[in-house]
Amino acid sequence: WDFGDGTPTSSTCSPAHVFNTAGLFSVELTVTSPAGCSATASVADMIEVFDQPDVSFTTDTTEGCTPLSIAFTNTTPPEQVGSVQWTFGGSVSTATDPTWTFDEPGDYTVGLLVTHPQGCSAEVVLNDLITAFGHPEVSFISSIDRGCYPLEVEFTNTTDPAFSGTCVWDMGDGGTAGACDHTYTFAEAGEPVVKLHVISPQNCAGDTASLPITV
């Protein structure tokens, strides 16, 4: 047997053969009788082997704050695309170019499986491609919450340090502060409500915590 793909011939009467490259292959069989007489039969372009899809994709970003919406674009050659299946950390989409929202913080692996119109499949998997950052859960404490003016109060940010990038204090009496832990003096009587807003190192904004002070 000559399989037309450049591989060694086979002398087995009924062989199995693996074609490892795409293309059209002519197959030829030569049979020799016990008396030494030979005859050859060939079939032109008998075998057609299709390429696997050359799978690739792009994203408009790979990280951000939750909820993180990302547009994915399948850049596999169009003529190689019969169907697609995307996987996003366990979730699946069959849209050609999906926009996917990651609601929970974490790292996500993204895969794209493309099936050729002739049925051949190939997949690209990118581990931990997407990073979705969470938001600070803001909290703080004060050394005291009431007293006579001028009232000096120590404020301590108790937000998780990993989420404490920038602190913005509104002291409720027109004053502000930028240090995450600070001491502030209330010079006049009143009931100011102190508010703390925290932004994470990844620029994800948290909620605002508040505490009334009686002066």
# chains A, B, ... in the order shown; residues from 1 in each chain; ligands from 1
call {"tool": "select_by_dssp", "arguments": {"residues": "chain A", "states": "strand (DSSP E)", "output": "number ranges by chain"}}
result
A: 23-32, 38-49, 57-59, 63-65, 68-74, 83-88, 91-93, 99-102, 106-115, 121-133, 140-142, 151-157, 166-170, 176-177, 182-186, 193-199, 205-212
call {"tool": "residues_around", "arguments": {"residues": "Gly90 (chain A)", "least_positions_apart": "3", "cutoff": "10 Å", "atoms": "only C-alpha atoms", "output": "VMD selection string"}}
result
chain A and resid 86 to 87 108 to 111
call {"tool": "write_last_selection", "arguments": {"atoms": "C-alpha atoms", "output": "mmCIF file, in the first residue's frame"}}
result
data_model
loop_
_atom_site.group_PDB
_atom_site.id
_atom_site.type_symbol
_atom_site.label_atom_id
_atom_site.label_comp_id
_atom_site.auth_asym_id
_atom_site.auth_seq_id
_atom_site.Cartn_x
_atom_site.Cartn_y
_atom_site.Cartn_z
ATOM 1 C CA TRP A 86 -17.088 29.263 25.315
ATOM 2 C CA THR A 87 -16.386 28.324 28.924
ATOM 3 C CA TYR A 108 -11.341 32.911 35.816
ATOM 4 C CA THR A 109 -10.120 30.490 33.153
ATOM 5 C CA VAL A 110 -11.580 31.057 29.676
ATOM 6 C CA GLY A 111 -11.796 28.416 26.948
#
call {"tool": "atom_distance", "arguments": {"atom1": "CA of Pro105 (chain A)", "atom2": "CA of Thr159 (chain A)"}}
result
17.1 Å
call {"tool": "closest_atom_pairs", "arguments": {"of": "region 41-138 of chain A", "to": "region 199-203 of chain A", "cutoff": "12 Å", "atoms": "only C-alpha atoms", "output": "tab-separated table"}}
result
residue	atom	partner	partner_atom	distance
A:Glu63	CA	A:Gln202	CA	9.5
A:Gly64	CA	A:Gln202	CA	7.6
A:Cys65	CA	A:Gln202	CA	7.7
A:Thr66	CA	A:Gln202	CA	11.1
A:Thr131	CA	A:Gln202	CA	10.8
A:Ala132	CA	A:Gln202	CA	10.0
A:Phe133	CA	A:Gln202	CA	7.2
A:Gly134	CA	A:Ser200	CA	8.6
A:His135	CA	A:Ser200	CA	6.8
A:Pro136	CA	A:Ser200	CA	6.3
A:Glu137	CA	A:Ile199	CA	9.9
A:Val138	CA	A:Ile199	CA	9.3
call {"tool": "closest_residue", "arguments": {"among": "A:Ile130, A:Leu196, A:Ala22, A:Ile70", "to": "Glu48 (chain A)", "atoms": "only C-alpha atoms"}}
result
A:Ala22
call {"tool": "closest_residue", "arguments": {"among": "A:Asp160, A:Phe25, A:Ser69, A:Glu154", "to": "Glu104 (chain A)", "atoms": "only C-alpha atoms"}}
result
A:Ser69
call {"tool": "atom_distance", "arguments": {"atom1": "CA of Met46 (chain A)", "atom2": "CA of Phe3 (chain A)"}}
result
9.5 Å
call {"tool": "residues_around", "arguments": {"residues": "Ser26 (chain A)", "least_positions_apart": "4", "cutoff": "10 Å", "atoms": "only C-alpha atoms", "output": "list in words"}}
result
Asp2, Phe3, Gly4, Asp5, Ser42, Val43, Ala44, Asp45, Met46, Ile47 and Glu48 of chain A
call {"tool": "write_last_selection", "arguments": {"atoms": "all heavy atoms", "output": "tab-separated table (two decimals), in the first residue's frame"}}
result
chain	number	residue	atom	x	y	z
A	2	ASP	N	0.47	2.24	-0.81
A	2	ASP	CA	1.09	3.58	-0.79
A	2	ASP	C	-0.05	4.56	-0.52
A	2	ASP	O	-0.99	4.68	-1.31
A	2	ASP	CB	1.75	3.88	-2.14
A	2	ASP	CG	2.48	5.22	-2.14
A	2	ASP	OD1	2.20	6.04	-1.24
A	2	ASP	OD2	3.29	5.45	-3.06
A	3	PHE	N	0.07	5.24	0.63
A	3	PHE	CA	-1.04	6.09	1.07
A	3	PHE	C	-0.95	7.53	0.56
A	3	PHE	O	-1.80	8.36	0.88
A	3	PHE	CB	-1.13	6.06	2.60
A	3	PHE	CG	-1.34	4.68	3.13
A	3	PHE	CD1	-0.29	3.96	3.69
A	3	PHE	CD2	-2.58	4.08	3.05
A	3	PHE	CE1	-0.48	2.67	4.15
A	3	PHE	CE2	-2.79	2.79	3.52
A	3	PHE	CZ	-1.72	2.08	4.08
A	4	GLY	N	0.10	7.84	-0.15
A	4	GLY	CA	0.19	9.14	-0.82
A	4	GLY	C	0.53	10.31	0.08
A	4	GLY	O	0.45	11.46	-0.34
A	5	ASP	N	0.92	10.02	1.34
A	5	ASP	CA	1.22	11.11	2.27
A	5	ASP	C	2.69	11.15	2.65
A	5	ASP	O	3.07	11.84	3.60
A	5	ASP	CB	0.35	11.01	3.52
A	5	ASP	CG	0.55	9.70	4.27
A	5	ASP	OD1	1.28	8.82	3.75
A	5	ASP	OD2	-0.03	9.54	5.36
A	42	SER	N	-5.08	2.19	-8.31
A	42	SER	CA	-4.95	3.44	-7.56
A	42	SER	C	-6.23	4.25	-7.68
A	42	SER	O	-6.94	4.17	-8.69
A	42	SER	CB	-3.75	4.26	-8.06
A	42	SER	OG	-3.94	4.62	-9.41
A	43	VAL	N	-6.51	5.02	-6.65
A	43	VAL	CA	-7.67	5.92	-6.64
A	43	VAL	C	-7.15	7.31	-6.33
A	43	VAL	O	-6.58	7.56	-5.25
A	43	VAL	CB	-8.72	5.50	-5.60
A	43	VAL	CG1	-9.89	6.49	-5.60
A	43	VAL	CG2	-9.22	4.08	-5.87
A	44	ALA	N	-7.31	8.23	-7.27
A	44	ALA	CA	-6.82	9.60	-7.09
A	44	ALA	C	-7.70	10.35	-6.08
A	44	ALA	O	-8.93	10.22	-6.10
A	44	ALA	CB	-6.81	10.34	-8.42
A	45	ASP	N	-7.05	11.10	-5.20
A	45	ASP	CA	-7.75	11.94	-4.21
A	45	ASP	C	-8.80	11.14	-3.44
A	45	ASP	O	-9.92	11.62	-3.20
A	45	ASP	CB	-8.39	13.16	-4.88
A	45	ASP	CG	-7.36	14.07	-5.53
A	45	ASP	OD1	-6.19	14.03	-5.12
A	45	ASP	OD2	-7.74	14.82	-6.46
A	46	MET	N	-8.44	9.95	-3.06
A	46	MET	CA	-9.41	9.07	-2.38
A	46	MET	C	-9.73	9.55	-0.98
A	46	MET	O	-10.86	9.45	-0.51
A	46	MET	CB	-8.84	7.65	-2.33
A	46	MET	CG	-9.75	6.64	-1.66
A	46	MET	SD	-8.99	5.00	-1.60
A	46	MET	CE	-10.33	4.04	-0.88
A	47	ILE	N	-8.72	10.07	-0.30
A	47	ILE	CA	-8.87	10.48	1.10
A	47	ILE	C	-8.74	12.00	1.20
A	47	ILE	O	-7.80	12.58	0.66
A	47	ILE	CB	-7.81	9.81	2.00
A	47	ILE	CG1	-7.86	8.28	1.86
A	47	ILE	CG2	-7.97	10.26	3.45
A	47	ILE	CD1	-9.15	7.67	2.35
A	48	GLU	N	-9.70	12.62	1.89
A	48	GLU	CA	-9.61	14.05	2.18
A	48	GLU	C	-9.54	14.24	3.69
A	48	GLU	O	-10.43	13.79	4.42
A	48	GLU	CB	-10.78	14.83	1.60
A	48	GLU	CG	-10.68	16.33	1.81
A	48	GLU	CD	-11.78	17.14	1.14
A	48	GLU	OE1	-12.73	16.52	0.61
A	48	GLU	OE2	-11.69	18.38	1.16
call {"tool": "atom_distance", "arguments": {"atom1": "CA of Thr101 (chain A)", "atom2": "CA of Phe88 (chain A)"}}
result
9.6 Å
call {"tool": "closest_residue", "arguments": {"among": "A:Ser33, A:Thr62, A:Ser121, A:Ser11", "to": "Thr76 (chain A)", "atoms": "only C-alpha atoms"}}
result
A:Ser121
call {"tool": "residues_around", "arguments": {"residues": "region 175-185 of chain A", "least_positions_apart": "2", "cutoff": "7 Å", "atoms": "only C-alpha atoms", "output": "ChimeraX atom specification"}}
result
/A:150-157,167-173,187
call {"tool": "write_last_selection", "arguments": {"atoms": "N, CA and C atoms", "output": "mmCIF file, in the first residue's frame"}}
result
data_model
loop_
_atom_site.group_PDB
_atom_site.id
_atom_site.type_symbol
_atom_site.label_atom_id
_atom_site.label_comp_id
_atom_site.auth_asym_id
_atom_site.auth_seq_id
_atom_site.Cartn_x
_atom_site.Cartn_y
_atom_site.Cartn_z
ATOM 1 N N PRO A 150 -13.735 71.843 72.799
ATOM 2 C CA PRO A 150 -13.224 71.148 71.603
ATOM 3 C C PRO A 150 -13.015 69.657 71.877
ATOM 4 N N LEU A 151 -13.607 68.816 71.019
ATOM 5 C CA LEU A 151 -13.619 67.379 71.254
ATOM 6 C C LEU A 151 -12.642 66.699 70.288
ATOM 7 N N GLU A 152 -11.597 66.093 70.850
ATOM 8 C CA GLU A 152 -10.607 65.383 70.022
ATOM 9 C C GLU A 152 -10.964 63.894 69.973
ATOM 10 N N VAL A 153 -11.096 63.398 68.753
ATOM 11 C CA VAL A 153 -11.516 61.996 68.553
ATOM 12 C C VAL A 153 -10.525 61.300 67.625
ATOM 13 N N GLU A 154 -10.130 60.098 68.006
ATOM 14 C CA GLU A 154 -9.295 59.265 67.140
ATOM 15 C C GLU A 154 -10.192 58.352 66.305
ATOM 16 N N PHE A 155 -9.977 58.377 65.000
ATOM 17 C CA PHE A 155 -10.745 57.523 64.085
ATOM 18 C C PHE A 155 -9.811 56.472 63.480
ATOM 19 N N THR A 156 -10.264 55.210 63.495
ATOM 20 C CA THR A 156 -9.463 54.095 62.978
ATOM 21 C C THR A 156 -10.256 53.357 61.908
ATOM 22 N N ASN A 157 -9.661 53.261 60.736
ATOM 23 C CA ASN A 157 -10.268 52.512 59.636
ATOM 24 C C ASN A 157 -10.115 51.020 59.918
ATOM 25 N N CYS A 167 -8.524 56.489 51.396
ATOM 26 C CA CYS A 167 -9.590 56.792 52.349
ATOM 27 C C CYS A 167 -9.994 58.256 52.200
ATOM 28 N N VAL A 168 -11.284 58.486 52.175
ATOM 29 C CA VAL A 168 -11.815 59.847 52.097
ATOM 30 C C VAL A 168 -12.814 60.020 53.240
ATOM 31 N N TRP A 169 -12.474 60.939 54.154
ATOM 32 C CA TRP A 169 -13.331 61.192 55.319
ATOM 33 C C TRP A 169 -14.107 62.494 55.118
ATOM 34 N N ASP A 170 -15.374 62.440 55.423
ATOM 35 C CA ASP A 170 -16.219 63.629 55.553
ATOM 36 C C ASP A 170 -16.578 63.722 57.032
ATOM 37 N N MET A 171 -16.062 64.778 57.694
ATOM 38 C CA MET A 171 -16.199 64.857 59.146
ATOM 39 C C MET A 171 -17.541 65.401 59.600
ATOM 40 N N GLY A 172 -18.376 65.782 58.679
ATOM 41 C CA GLY A 172 -19.733 66.199 59.036
ATOM 42 C C GLY A 172 -19.867 67.627 59.491
ATOM 43 N N ASP A 173 -18.734 68.340 59.662
ATOM 44 C CA ASP A 173 -18.785 69.741 60.079
ATOM 45 C C ASP A 173 -18.086 70.631 59.041
ATOM 46 N N ALA A 187 -14.593 71.531 66.824
ATOM 47 C CA ALA A 187 -14.434 72.801 67.549
ATOM 48 C C ALA A 187 -15.749 73.411 67.993
#
call {"tool": "closest_residue", "arguments": {"among": "A:Ala122, A:Ile144, A:Leu68, A:Ala189", "to": "Ser83 (chain A)", "atoms": "only C-alpha atoms"}}
result
A:Ala122
